[in-house]
file start-v5.tsv (TSV, C-alpha atoms and all ligand atoms)
chain	number	residue	atom	x	y	z
A	12	MET	CA	210.28	217.40	130.62
A	13	THR	CA	211.80	220.77	131.25
A	14	GLN	CA	214.17	221.84	128.56
A	15	ILE	CA	216.48	224.75	128.74
A	16	LYS	CA	218.02	227.06	126.20
A	17	ILE	CA	221.69	226.40	126.00
A	18	ILE	CA	223.59	229.18	127.66
A	19	LEU	CA	226.03	230.03	124.92
A	20	LEU	CA	224.43	229.38	121.57
A	21	SER	CA	227.62	230.22	119.76
A	22	LEU	CA	229.33	227.23	121.28
A	23	LEU	CA	228.71	224.26	119.06
A	24	LEU	CA	228.89	221.65	121.73
A	25	TYR	CA	225.42	220.43	121.13
A	26	THR	CA	225.35	220.52	117.38
A	27	ASN	CA	221.98	220.37	115.65
A	28	CYS	CA	220.12	221.23	118.82
A	29	SER	CA	219.95	224.63	120.38
A	30	ILE	CA	218.44	223.34	123.56
A	31	ALA	CA	219.81	221.12	126.24
A	32	GLN	CA	218.47	219.89	129.50
A	33	THR	CA	220.85	220.93	132.21
A	34	CYS	CA	219.75	218.40	134.72
A	35	GLY	CA	217.85	215.13	134.76
A	36	TYR	CA	215.77	216.15	137.76
A	37	ASP	CA	212.35	216.06	136.12
A	38	SER	CA	212.71	212.48	135.09
A	39	ILE	CA	213.89	211.50	138.54
A	40	VAL	CA	211.34	213.22	140.70
A	41	GLY	CA	208.52	210.83	139.77
A	42	LEU	CA	205.12	211.49	141.26
A	43	ILE	CA	204.72	214.80	143.04
A	44	ASN	CA	203.49	213.69	146.40
A	45	PHE	CA	205.08	215.41	149.37
A	46	LYS	CA	205.44	213.20	152.40
A	47	ASP	CA	207.34	213.62	155.60
A	48	TYR	CA	209.76	210.75	155.59
A	49	ASN	CA	211.67	212.30	158.43
A	50	SER	CA	211.67	215.27	160.71
A	51	TYR	CA	215.12	215.69	162.09
A	52	ALA	CA	216.37	218.95	163.50
A	53	ILE	CA	219.89	220.19	163.88
A	54	ASN	CA	221.29	223.32	165.42
A	55	ASP	CA	223.94	225.47	163.82
A	56	PRO	CA	224.07	224.02	160.31
A	57	GLY	CA	227.40	224.40	158.65
A	58	LEU	CA	229.46	224.33	161.84
A	59	ILE	CA	230.62	220.74	161.43
A	60	ASP	CA	233.30	219.93	158.88
A	61	PHE	CA	232.75	216.92	156.66
A	62	TYR	CA	235.49	215.26	154.62
A	63	ILE	CA	234.28	213.13	151.72
A	64	PRO	CA	236.44	210.87	149.50
A	65	VAL	CA	235.61	211.07	145.80
A	66	VAL	CA	236.24	208.80	142.86
A	67	PHE	CA	235.79	210.09	139.31
A	68	HIS	CA	235.05	207.30	136.81
A	69	VAL	CA	236.00	208.61	133.37
A	70	ILE	CA	234.33	206.48	130.70
A	71	TYR	CA	235.46	207.23	127.15
A	72	ASN	CA	234.89	206.13	123.58
A	73	SER	CA	237.02	208.81	121.93
A	74	ASP	CA	240.16	210.68	123.01
A	75	ASN	CA	238.06	213.81	123.53
A	76	ASP	CA	235.87	211.95	126.02
A	77	ASN	CA	238.95	210.93	128.01
A	78	ILE	CA	239.28	214.29	129.75
A	79	HIS	CA	242.60	215.28	131.29
A	80	ASP	CA	243.37	215.06	135.00
A	81	SER	CA	243.79	218.84	135.15
A	82	VAL	CA	240.13	219.30	134.12
A	83	ILE	CA	238.97	217.01	136.92
A	84	LEU	CA	241.21	218.72	139.48
A	85	ASN	CA	239.88	222.10	138.40
A	86	GLN	CA	236.34	220.78	138.93
A	87	LEU	CA	237.30	219.57	142.40
A	88	ASP	CA	238.50	223.10	143.23
A	89	ILE	CA	235.19	224.57	142.05
A	90	LEU	CA	233.27	222.05	144.16
A	91	ASN	CA	235.28	222.95	147.25
A	92	GLU	CA	234.89	226.68	146.58
A	93	CYS	CA	231.11	226.22	146.80
A	94	PHE	CA	230.93	223.57	149.54
A	95	PHE	CA	233.83	224.40	151.85
A	96	PHE	CA	235.43	227.81	151.34
A	97	CYS	CA	232.27	229.69	150.30
A	98	GLU	CA	233.30	233.20	149.36
A	99	ASP	CA	230.76	235.73	150.45
A	100	THR	CA	230.32	237.86	147.35
A	101	ILE	CA	226.58	237.53	147.05
A	102	ARG	CA	224.15	240.49	146.81
A	103	ASP	CA	223.57	242.29	150.13
A	104	GLN	CA	219.95	241.21	150.47
A	105	PHE	CA	220.99	237.54	150.52
A	106	LYS	CA	223.99	237.86	152.85
A	107	GLU	CA	221.84	237.03	155.89
A	108	ILE	CA	220.40	233.83	154.44
A	109	VAL	CA	223.43	232.13	152.86
A	110	ALA	CA	225.49	229.50	154.67
A	111	CYS	CA	228.44	227.25	153.94
A	112	PRO	CA	227.99	223.46	153.93
A	113	ARG	CA	231.59	222.97	155.16
A	114	ILE	CA	232.08	219.83	153.06
A	115	LEU	CA	235.57	219.21	151.69
A	116	PHE	CA	235.85	216.76	148.83
A	117	TYR	CA	239.16	215.01	148.16
A	118	LEU	CA	240.30	212.36	145.70
A	119	ALA	CA	240.32	208.95	147.38
A	120	SER	CA	243.82	207.57	147.91
A	121	SER	CA	242.79	203.95	148.43
A	122	ASP	CA	240.24	201.91	146.51
A	123	PRO	CA	237.63	199.55	148.08
A	124	TYR	CA	240.27	196.78	148.20
A	125	GLY	CA	242.78	198.98	150.01
A	126	LYS	CA	244.96	199.48	146.96
A	127	SER	CA	246.56	202.83	146.29
A	128	THR	CA	244.67	204.95	143.75
A	129	SER	CA	244.68	208.42	142.20
A	130	GLY	CA	240.92	208.67	142.78
A	131	ILE	CA	240.37	208.74	139.00
A	132	THR	CA	239.52	205.58	137.04
A	133	ARG	CA	239.63	205.46	133.24
A	134	ASN	CA	237.76	202.87	131.17
A	135	TYR	CA	237.10	202.52	127.45
A	136	THR	CA	233.48	201.91	126.44
A	137	TYR	CA	231.92	200.74	123.19
A	138	ARG	CA	229.14	203.33	123.70
A	139	LYS	CA	229.46	206.62	121.81
A	140	SER	CA	227.03	208.17	124.29
A	141	PHE	CA	225.08	207.01	127.31
A	142	ASN	CA	222.13	209.24	126.39
A	143	SER	CA	220.58	206.87	123.87
A	144	SER	CA	216.97	206.02	123.15
A	145	ASP	CA	216.99	203.69	126.14
A	146	SER	CA	215.85	205.44	129.24
A	147	ILE	CA	219.07	206.45	130.95
A	148	TYR	CA	217.22	206.80	134.25
A	149	LYS	CA	215.67	203.36	133.98
A	150	PHE	CA	218.86	201.46	133.22
A	151	ASP	CA	221.40	203.97	134.56
A	152	THR	CA	223.86	202.53	132.06
A	153	PRO	CA	227.00	204.50	133.09
A	154	LYS	CA	226.89	202.73	136.47
A	155	TYR	CA	226.98	199.15	135.18
A	156	LYS	CA	229.83	197.34	133.47
A	157	ILE	CA	227.36	195.06	131.68
A	158	TYR	CA	225.91	198.12	129.89
A	159	GLY	CA	229.31	199.55	128.94
A	160	GLY	CA	229.67	201.61	132.11
A	161	VAL	CA	231.70	201.16	135.26
A	162	ASP	CA	230.44	199.54	138.47
A	163	ALA	CA	230.36	201.80	141.51
A	164	TRP	CA	232.85	201.68	144.30
A	165	ASP	CA	231.04	201.09	147.62
A	166	THR	CA	228.60	204.01	147.46
A	167	ASP	CA	228.26	204.12	151.25
A	168	ARG	CA	231.92	205.02	151.57
A	169	TYR	CA	232.78	206.88	148.35
A	170	LEU	CA	231.14	209.64	146.39
A	171	ASN	CA	231.10	208.13	142.88
A	172	ILE	CA	231.08	210.60	139.98
A	173	TRP	CA	230.73	209.03	136.53
A	174	VAL	CA	232.00	211.28	133.73
A	175	CYS	CA	230.89	210.26	130.26
A	176	ASN	CA	229.41	211.40	126.97
A	177	LEU	CA	225.76	212.42	127.51
A	178	GLU	CA	225.11	214.00	124.12
A	179	SER	CA	221.82	212.91	122.67
A	180	LEU	CA	221.80	210.06	120.16
A	181	ASN	CA	218.08	210.47	119.67
A	182	VAL	CA	216.66	213.56	117.94
A	183	ASN	CA	213.75	213.56	120.37
A	184	ASN	CA	216.00	213.75	123.40
A	185	SER	CA	218.06	216.68	124.51
A	186	SER	CA	221.64	216.52	125.66
A	187	LEU	CA	222.13	216.16	129.36
A	188	LEU	CA	224.65	217.90	131.58
A	189	GLY	CA	224.20	215.64	134.59
A	190	TYR	CA	221.87	213.89	137.01
A	191	ALA	CA	221.80	212.57	140.57
A	192	PHE	CA	219.35	210.78	142.84
A	193	PRO	CA	218.48	211.93	146.38
A	194	PRO	CA	219.33	209.81	149.45
A	195	THR	CA	216.72	207.11	150.04
A	196	TYR	CA	214.03	208.44	152.43
A	197	ALA	CA	215.14	212.07	152.08
A	198	LYS	CA	212.41	214.51	153.11
A	199	ASN	CA	210.05	215.94	150.47
A	200	TRP	CA	210.97	213.39	147.82
A	201	ASP	CA	208.61	210.82	146.44
A	202	GLN	CA	209.73	207.25	146.96
A	203	ASN	CA	209.81	206.75	143.18
A	204	SER	CA	212.89	208.98	143.28
A	205	PHE	CA	214.80	206.54	145.45
A	206	VAL	CA	217.19	204.09	143.80
A	207	ALA	CA	219.32	201.08	144.72
A	208	VAL	CA	222.55	201.42	146.63
A	209	GLU	CA	224.80	200.82	143.61
A	210	ARG	CA	223.16	203.76	141.78
A	211	GLN	CA	223.91	206.38	144.45
A	212	GLY	CA	226.24	209.01	143.03
A	213	VAL	CA	226.38	211.59	140.24
A	214	VAL	CA	226.56	211.18	136.47
A	215	MET	CA	228.11	214.10	134.59
A	216	SER	CA	228.58	215.02	130.96
A	217	ASN	CA	232.28	215.24	130.19
A	218	LYS	CA	231.49	218.61	128.53
A	219	ALA	CA	230.27	219.99	131.86
A	220	ILE	CA	233.36	219.21	133.93
A	221	GLY	CA	235.82	222.00	134.75
A	222	SER	CA	236.12	225.65	133.74
A	223	ASN	CA	239.34	224.79	131.84
A	224	ASN	CA	237.79	222.05	129.70
A	225	PRO	CA	238.87	222.46	126.03
A	226	PHE	CA	235.66	220.72	124.92
A	227	GLY	CA	233.38	222.33	127.50
A	228	ASN	CA	231.95	225.64	128.56
A	229	PRO	CA	232.92	227.47	131.78
A	230	GLN	CA	229.26	228.37	132.28
A	231	TYR	CA	228.55	224.69	133.00
A	232	SER	CA	231.33	224.34	135.56
A	233	LYS	CA	228.96	224.48	138.55
A	234	THR	CA	226.63	221.82	137.15
A	235	LEU	CA	228.32	219.37	139.51
A	236	VAL	CA	227.61	221.70	142.46
A	237	HIS	CA	223.93	221.63	141.46
A	238	GLU	CA	223.86	217.85	141.06
A	239	MET	CA	225.58	217.44	144.43
A	240	GLY	CA	222.68	219.42	145.88
A	241	HIS	CA	220.27	216.77	144.54
A	242	TYR	CA	222.59	213.99	145.77
A	243	PHE	CA	222.29	215.52	149.27
A	244	GLY	CA	218.49	215.74	148.90
A	245	LEU	CA	217.82	219.33	147.73
A	246	LYS	CA	215.20	220.21	145.14
A	247	HIS	CA	215.16	223.04	142.61
A	248	ILE	CA	214.32	226.38	144.26
A	249	TRP	CA	211.15	226.72	142.17
A	250	GLY	CA	209.87	223.34	143.39
A	251	ASP	CA	208.59	220.64	141.07
A	252	LYS	CA	206.10	222.70	139.06
A	253	THR	CA	206.90	225.76	137.00
A	254	SER	CA	204.61	228.83	136.80
A	255	ASP	CA	203.33	228.13	140.30
A	256	CYS	CA	204.38	230.30	143.24
A	257	ASN	CA	202.60	227.98	145.68
A	258	ASP	CA	204.82	225.05	144.75
A	259	ASP	CA	208.04	225.30	146.74
A	260	ASP	CA	211.23	223.38	147.39
A	261	GLY	CA	210.35	222.50	150.99
A	262	ILE	CA	213.06	224.82	152.35
A	263	ASP	CA	211.75	227.82	154.29
A	264	ASP	CA	214.39	230.42	153.55
A	265	THR	CA	214.86	230.05	149.79
A	266	PRO	CA	212.92	232.97	148.24
A	267	LEU	CA	209.91	231.79	146.26
A	268	SER	CA	210.49	231.38	142.56
A	269	SER	CA	208.20	230.07	139.84
A	270	ASN	CA	210.60	229.01	137.14
A	271	PRO	CA	214.28	228.38	136.39
A	272	SER	CA	216.75	231.15	135.57
A	273	PHE	CA	218.83	230.91	132.44
A	274	SER	CA	220.75	234.14	132.87
A	275	CYS	CA	222.30	236.21	135.65
A	276	SER	CA	219.46	238.76	135.61
A	277	LEU	CA	219.41	240.40	139.06
A	278	SER	CA	215.96	241.90	138.48
A	279	LYS	CA	214.17	238.56	138.09
A	280	ASN	CA	211.38	238.36	140.67
A	281	THR	CA	208.67	235.86	139.77
A	282	CYS	CA	206.93	235.49	143.16
A	283	GLU	CA	206.20	237.61	146.20
A	284	SER	CA	208.05	236.06	149.09
A	285	GLY	CA	206.78	237.22	152.45
A	286	MET	CA	207.22	240.53	154.23
A	287	GLU	CA	210.40	241.38	152.44
A	288	ASP	CA	209.82	240.56	148.80
A	289	LEU	CA	213.20	239.20	147.87
A	290	PRO	CA	214.00	238.77	144.18
A	291	ASP	CA	214.55	235.27	142.78
A	292	MET	CA	217.82	233.95	144.15
A	293	ILE	CA	219.51	233.30	140.82
A	294	GLU	CA	222.77	232.76	142.74
A	295	ASN	CA	221.34	229.65	144.39
A	296	ALA	CA	223.09	226.44	143.33
A	297	MET	CA	219.67	224.82	142.93
A	298	ASP	CA	218.61	227.25	140.19
A	299	TYR	CA	219.79	226.87	136.57
A	300	ALA	CA	221.65	230.18	136.16
A	301	PRO	CA	225.10	230.19	134.51
A	302	SER	CA	228.06	229.24	136.69
A	303	SER	CA	229.44	232.80	136.70
A	304	CYS	CA	226.69	233.88	139.13
A	305	SER	CA	225.77	230.57	140.77
A	306	GLY	CA	226.97	228.26	143.55
A	307	TYR	CA	225.35	229.44	146.82
A	308	PHE	CA	223.23	227.63	149.41
A	309	THR	CA	220.91	229.07	152.07
A	310	LYS	CA	220.99	228.20	155.77
A	311	GLY	CA	217.89	226.05	155.30
A	312	GLN	CA	219.49	224.17	152.43
A	313	VAL	CA	222.70	223.63	154.42
A	314	GLN	CA	220.63	222.34	157.30
A	315	ARG	CA	218.86	219.87	155.00
A	316	ILE	CA	222.18	218.77	153.46
A	317	THR	CA	223.64	218.24	156.94
A	318	ILE	CA	220.62	216.29	158.20
A	319	ASN	CA	220.58	214.08	155.13
A	320	LEU	CA	224.31	213.44	155.31
A	321	LEU	CA	224.19	212.54	159.01
A	322	ASN	CA	221.17	210.29	158.66
A	323	PHE	CA	221.23	208.80	155.19
A	324	ARG	CA	224.90	208.85	154.14
A	325	PRO	CA	226.51	208.24	157.54
A	326	LYS	CA	229.51	206.21	156.35
A	327	LEU	CA	230.39	208.64	153.56
A	328	TYR	CA	232.04	211.38	155.58
A	329	SER	CA	234.51	211.72	158.39
A	330	ALA	CA	234.92	214.67	160.74
A	331	GLU	CA	238.66	214.57	160.22
A	332	PRO	CA	240.41	213.40	157.06
A	333	ARG	CA	240.10	209.61	157.02
A	334	GLU	CA	243.40	209.18	155.22
A	335	ALA	CA	246.95	210.18	155.95
A	336	THR	CA	247.61	213.89	155.76
A	337	GLU	CA	251.05	213.71	154.20
A	338	ILE	CA	251.60	216.12	151.36
A	339	ARG	CA	250.58	214.42	148.13
A	340	PHE	CA	251.77	216.53	145.26
A	341	GLU	CA	252.73	216.05	141.65
A	342	ILE	CA	254.03	218.25	138.88
A	343	PHE	CA	252.89	218.03	135.29
A	344	PRO	CA	253.88	218.26	132.53
A	345	ASN	CA	257.44	217.53	133.51
A	346	PRO	CA	259.60	218.50	131.62
A	347	ALA	CA	257.59	221.70	131.17
A	348	GLN	CA	257.66	224.44	128.56
A	349	SER	CA	255.96	227.77	129.31
A	350	VAL	CA	253.62	226.59	132.02
A	351	PHE	CA	253.25	223.72	134.47
A	352	PHE	CA	250.82	222.65	137.14
A	353	ILE	CA	251.25	221.58	140.71
A	354	TYR	CA	248.62	219.13	141.86
A	355	ASN	CA	248.30	219.11	145.63
A	356	ASN	CA	245.79	216.67	147.07
A	357	SER	CA	247.03	217.04	150.63
A	358	LEU	CA	244.19	217.26	153.11
A	359	ASP	CA	246.12	219.69	155.25
A	360	ILE	CA	244.66	222.83	153.74
A	361	ARG	CA	246.11	225.33	156.19
A	362	ASN	CA	248.98	227.66	155.34
A	363	ARG	CA	249.83	226.15	152.01
A	364	LYS	CA	252.67	227.91	150.19
A	365	TYR	CA	254.61	227.14	147.03
A	366	GLU	CA	258.15	228.26	146.25
A	367	ILE	CA	260.40	227.57	143.29
A	368	PHE	CA	264.17	227.68	143.56
A	369	ASN	CA	266.73	227.47	140.78
A	370	SER	CA	269.68	225.09	140.92
A	371	ASN	CA	271.72	227.74	142.77
A	372	GLY	CA	269.14	227.84	145.55
A	373	VAL	CA	267.79	231.26	144.56
A	374	LEU	CA	264.04	231.78	145.08
A	375	VAL	CA	262.61	232.61	141.64
A	376	TYR	CA	258.87	232.31	142.26
A	377	LYS	CA	256.36	232.04	145.08
A	378	THR	CA	252.60	231.76	144.97
A	379	GLN	CA	250.07	233.97	146.67
A	380	SER	CA	246.68	232.71	147.86
A	381	ALA	CA	246.84	229.25	146.31
A	382	GLU	CA	246.07	227.56	149.60
A	383	ARG	CA	242.53	226.65	148.63
A	384	LYS	CA	243.28	224.85	145.44
A	385	VAL	CA	244.40	221.36	144.49
A	386	LEU	CA	245.47	222.54	141.03
A	387	ILE	CA	247.93	225.42	140.86
A	388	LYS	CA	249.08	226.89	137.56
A	389	ILE	CA	252.67	228.13	137.47
A	390	PRO	CA	253.80	230.27	134.51
A	391	SER	CA	257.35	229.28	133.67
A	392	SER	CA	258.01	231.21	130.44
A	393	ASN	CA	260.20	233.66	132.38
A	394	LEU	CA	262.43	230.88	133.64
A	395	SER	CA	265.48	229.89	131.64
A	396	ASN	CA	266.01	226.25	130.76
A	397	GLY	CA	267.22	224.01	133.54
A	398	ILE	CA	266.35	222.16	136.72
A	399	TYR	CA	264.19	223.84	139.39
A	400	TYR	CA	263.05	222.75	142.82
A	401	VAL	CA	259.41	223.17	143.82
A	402	ARG	CA	258.93	223.41	147.57
A	403	VAL	CA	255.44	222.80	148.94
A	404	HIS	CA	254.62	223.87	152.49
A	405	SER	CA	251.57	223.06	154.55
A	406	GLU	CA	250.81	223.60	158.24
A	407	SER	CA	253.60	221.42	159.54
A	408	LYS	CA	255.33	219.77	156.60
A	409	VAL	CA	257.52	220.65	153.65
A	410	GLU	CA	258.22	218.57	150.56
A	411	VAL	CA	260.38	219.23	147.52
A	412	LYS	CA	260.21	217.95	143.92
A	413	LYS	CA	262.22	218.65	140.80
A	414	VAL	CA	260.85	220.14	137.61
A	415	PHE	CA	262.71	220.49	134.31
A	416	ILE	CA	262.06	223.59	132.24
A	417	ASN	CA	262.91	223.27	128.56
A	418	SER	CA	261.32	225.86	126.29
A	419	ALA	CA	262.73	224.15	123.21
A	420	PHE	CA	261.21	220.69	123.38
B	501	ZN	ZN	218.56	219.85	138.88

call {"tool": "encode", "arguments": {"input": "start-v5.tsv", "output": "structure tokens", "more": "lines below"}}
Ligand SMILES: [Zn+2]
result
Amino acid sequence: MTQIKIILLSLLLYTNCSIAQTCGYDSIVGLINFKDYNSYAINDPGLIDFYIPVVFHVIYNSDNDNIHDSVILNQLDILNECFFFCEDTIRDQFKEIVACPRILFYLASSDPYGKSTSGITRNYTYRKSFNSSDSIYKFDTPKYKIYGGVDAWDTDRYLNIWVCNLESLNVNNSSLLGYAFPPTYAKNWDQNSFVAVERQGVVMSNKAIGSNNPFGNPQYSKTLVHEMGHYFGLKHIWGDKTSDCNDDDGIDDTPLSSNPSFSCSLSKNTCESGMEDLPDMIENAMDYAPSSCSGYFTKGQVQRITINLLNFRPKLYSAEPREATEIRFEIFPNPAQSVFFIYNNSLDIRNRKYEIFNSNGVLVYKTQSAERKVLIKIPSSNLSNGIYYVRVHSESKVEVKKVFINSAF
């Protein structure tokens, strides 16, 4: 089993062990036996938009495990940055090969029974951790109520993300950051990697959610991006074997790499890759580098994601938002002290703007470039106590809500 040095040793998240496995891939991959389960082709990967409803199942034993909504919303923003907005700040030599998956994730607004939901479920569990001496991959305990977990919502129609404690309870195990299984029949995966319908989804450590997590580490905040890559059928860029430049990930345009990256070292170049010997692509989401330099996909990877989504997860996405596009926004905390947050889960992502007016109708604040985010932080320490009106604009609609500022409470 591959084990990885924890990225920030000074952070005592994983007490008494200085190593942690970032991803449960090695236990999932099973026998290494490449077979062509499919050979689909698609032109112009990344030109279709996909909208995918998400449910986060927070499973907690302690208050610290019951992570705040704002941490989950921050994680959703990071996911969309990597899968939908895709800033192009990568090194010049990789600019030609990167592509954007064009997948927008949003919190589901109705549950499988048609009831209104926030897209976040919260359930107490008797388990202190789900990473016990039992094989987590064998029983997949977070996904079953009978094991102290939470049963999936219809995995054909929702992306289920279970968020729980994955710290090791066994000295021989290492703490896990997350794991995911590929779609059944995805190309280049052994059939031992395929699991039942109710196990499709992603399991995440609650310490690896969000870059604003008080119990986490910002350098883990793209772990979910990596696990989503597995969920869509991508392998690690170094393939299944380390120290072997002939073992590849089955994607033509990812530069060859023989082992995982644990730092943002731009000079790392473990394998010669063709005419132009590109360095290892540490920026690739399917490497293990810290989140500060990670989160990119190549054209070949986006093509594989698209093919797998179209063929193996066909009910999961819609080409247009499946749900109403009214502005769905909330303000918290309210009353607020020196800062508050606007949560905007509207699917209309064009021309978003936020303005704050005082009770005399005077504009006291407006945001710049917040249109991509569902979680917007508003500093309010400059505002005197009183009632304010927050006006949220999108392409065609405007909505207003009140917020109370009280620096004294
Ligand atoms: Zn992995």

call {"tool": "atom_distance", "arguments": {"input": "start-v5.tsv", "atom1": "CA of Ile353 in chain A", "atom2": "CA of Ile398 in chain A"}}
result
15.6 Å

call {"tool": "atom_distance", "arguments": {"input": "start-v5.tsv", "atom1": "CA of Asp162 in chain A", "atom2": "CA of Asn203 in chain A"}}
result
22.4 Å

call {"tool": "residues_around", "arguments": {"input": "start-v5.tsv", "residues": "Leu277 in chain A", "least_positions_apart": "3", "cutoff": "12 Å", "atoms": "all atoms listed in the file", "output": "list in words"}}
result
Ile101, Arg102, Asp103, Gln104, Phe105, Ser272, Phe273, Ser274, Asn280, Thr281, Leu289, Pro290, Asp291, Met292, Ile293, Glu294, Ala300, Cys304 and Ser305 of chain A

call {"tool": "residues_near_point", "arguments": {"input": "start-v5.tsv", "point": "(237.1, 205.9, 142.4)", "cutoff": "12 Å", "atoms": "only C-alpha atoms", "output": "PyMOL selection string"}}
result
chain A and resi 64-69+117-134+161-166+168-174+212

call {"tool": "write_last_selection", "arguments": {"input": "start-v5.tsv", "atoms": "C-alpha atoms", "output": "PDB file, in the frame of the given file"}}
result
ATOM      1  CA  PRO A  64     236.440 210.870 149.500  1.00  0.00           C
ATOM      2  CA  VAL A  65     235.610 211.070 145.800  1.00  0.00           C
ATOM      3  CA  VAL A  66     236.240 208.800 142.860  1.00  0.00           C
ATOM      4  CA  PHE A  67     235.790 210.090 139.310  1.00  0.00           C
ATOM      5  CA  HIS A  68     235.050 207.300 136.810  1.00  0.00           C
ATOM      6  CA  VAL A  69     236.000 208.610 133.370  1.00  0.00           C
ATOM      7  CA  TYR A 117     239.160 215.010 148.160  1.00  0.00           C
ATOM      8  CA  LEU A 118     240.300 212.360 145.700  1.00  0.00           C
ATOM      9  CA  ALA A 119     240.320 208.950 147.380  1.00  0.00           C
ATOM     10  CA  SER A 120     243.820 207.570 147.910  1.00  0.00           C
ATOM     11  CA  SER A 121     242.790 203.950 148.430  1.00  0.00           C
ATOM     12  CA  ASP A 122     240.240 201.910 146.510  1.00  0.00           C
ATOM     13  CA  PRO A 123     237.630 199.550 148.080  1.00  0.00           C
ATOM     14  CA  TYR A 124     240.270 196.780 148.200  1.00  0.00           C
ATOM     15  CA  GLY A 125     242.780 198.980 150.010  1.00  0.00           C
ATOM     16  CA  LYS A 126     244.960 199.480 146.960  1.00  0.00           C
ATOM     17  CA  SER A 127     246.560 202.830 146.290  1.00  0.00           C
ATOM     18  CA  THR A 128     244.670 204.950 143.750  1.00  0.00           C
ATOM     19  CA  SER A 129     244.680 208.420 142.200  1.00  0.00           C
ATOM     20  CA  GLY A 130     240.920 208.670 142.780  1.00  0.00           C
ATOM     21  CA  ILE A 131     240.370 208.740 139.000  1.00  0.00           C
ATOM     22  CA  THR A 132     239.520 205.580 137.040  1.00  0.00           C
ATOM     23  CA  ARG A 133     239.630 205.460 133.240  1.00  0.00           C
ATOM     24  CA  ASN A 134     237.760 202.870 131.170  1.00  0.00           C
ATOM     25  CA  VAL A 161     231.700 201.160 135.260  1.00  0.00           C
ATOM     26  CA  ASP A 162     230.440 199.540 138.470  1.00  0.00           C
ATOM     27  CA  ALA A 163     230.360 201.800 141.510  1.00  0.00           C
ATOM     28  CA  TRP A 164     232.850 201.680 144.300  1.00  0.00           C
ATOM     29  CA  ASP A 165     231.040 201.090 147.620  1.00  0.00           C
ATOM     30  CA  THR A 166     228.600 204.010 147.460  1.00  0.00           C
ATOM     31  CA  ARG A 168     231.920 205.020 151.570  1.00  0.00           C
ATOM     32  CA  TYR A 169     232.780 206.880 148.350  1.00  0.00           C
ATOM     33  CA  LEU A 170     231.140 209.640 146.390  1.00  0.00           C
ATOM     34  CA  ASN A 171     231.100 208.130 142.880  1.00  0.00           C
ATOM     35  CA  ILE A 172     231.080 210.600 139.980  1.00  0.00           C
ATOM     36  CA  TRP A 173     230.730 209.030 136.530  1.00  0.00           C
ATOM     37  CA  VAL A 174     232.000 211.280 133.730  1.00  0.00           C
ATOM     38  CA  GLY A 212     226.240 209.010 143.030  1.00  0.00           C
TER      39      GLY A 212
END

call {"tool": "residues_around", "arguments": {"input": "start-v5.tsv", "residues": "Pro194 in chain A", "least_positions_apart": "5", "cutoff": "7 Å", "atoms": "only C-alpha atoms", "output": "list of chain:residue names"}}
result
A:Phe205, A:Tyr242, A:Phe243, A:Gly244, A:Phe323

call {"tool": "atom_distance", "arguments": {"input": "start-v5.tsv", "atom1": "CA of Val411 in chain A", "atom2": "CA of Asp88 in chain A"}}
result
22.6 Å

call {"tool": "residues_around", "arguments": {"input": "start-v5.tsv", "residues": "range 255-269 of chain A", "least_positions_apart": "6", "cutoff": "8 Å", "atoms": "all atoms listed in the file", "output": "PyMOL selection string"}}
result
chain A and resi 108+199+245-249+280-284+289-292+309-312

call {"tool": "closest_residue", "arguments": {"input": "start-v5.tsv", "among": "A:Leu320, A:Met297, A:Ile387, A:Ala219", "to": "Asn356 in chain A", "atoms": "all atoms listed in the file"}}
result
A:Ile387

call {"tool": "residues_around", "arguments": {"input": "start-v5.tsv", "residues": "Glu366 in chain A", "least_positions_apart": "4", "cutoff": "12 Å", "atoms": "only C-alpha atoms", "output": "PDB file with C-alpha atoms, keeping the file's coordinate frame"}}
result
ATOM      1  CA  ILE A 353     251.250 221.580 140.710  1.00  0.00           C
ATOM      2  CA  GLY A 372     269.140 227.840 145.550  1.00  0.00           C
ATOM      3  CA  VAL A 373     267.790 231.260 144.560  1.00  0.00           C
ATOM      4  CA  LEU A 374     264.040 231.780 145.080  1.00  0.00           C
ATOM      5  CA  VAL A 375     262.610 232.610 141.640  1.00  0.00           C
ATOM      6  CA  TYR A 376     258.870 232.310 142.260  1.00  0.00           C
ATOM      7  CA  LYS A 377     256.360 232.040 145.080  1.00  0.00           C
ATOM      8  CA  THR A 378     252.600 231.760 144.970  1.00  0.00           C
ATOM      9  CA  GLN A 379     250.070 233.970 146.670  1.00  0.00           C
ATOM     10  CA  ALA A 381     246.840 229.250 146.310  1.00  0.00           C
ATOM     11  CA  ILE A 387     247.930 225.420 140.860  1.00  0.00           C
ATOM     12  CA  ILE A 389     252.670 228.130 137.470  1.00  0.00           C
ATOM     13  CA  TYR A 399     264.190 223.840 139.390  1.00  0.00           C
ATOM     14  CA  TYR A 400     263.050 222.750 142.820  1.00  0.00           C
ATOM     15  CA  VAL A 401     259.410 223.170 143.820  1.00  0.00           C
ATOM     16  CA  ARG A 402     258.930 223.410 147.570  1.00  0.00           C
ATOM     17  CA  VAL A 403     255.440 222.800 148.940  1.00  0.00           C
ATOM     18  CA  HIS A 404     254.620 223.870 152.490  1.00  0.00           C
ATOM     19  CA  SER A 405     251.570 223.060 154.550  1.00  0.00           C
ATOM     20  CA  VAL A 409     257.520 220.650 153.650  1.00  0.00           C
ATOM     21  CA  GLU A 410     258.220 218.570 150.560  1.00  0.00           C
ATOM     22  CA  VAL A 411     260.380 219.230 147.520  1.00  0.00           C
ATOM     23  CA  LYS A 412     260.210 217.950 143.920  1.00  0.00           C
ATOM     24  CA  LYS A 413     262.220 218.650 140.800  1.00  0.00           C
TER      25      LYS A 413
END
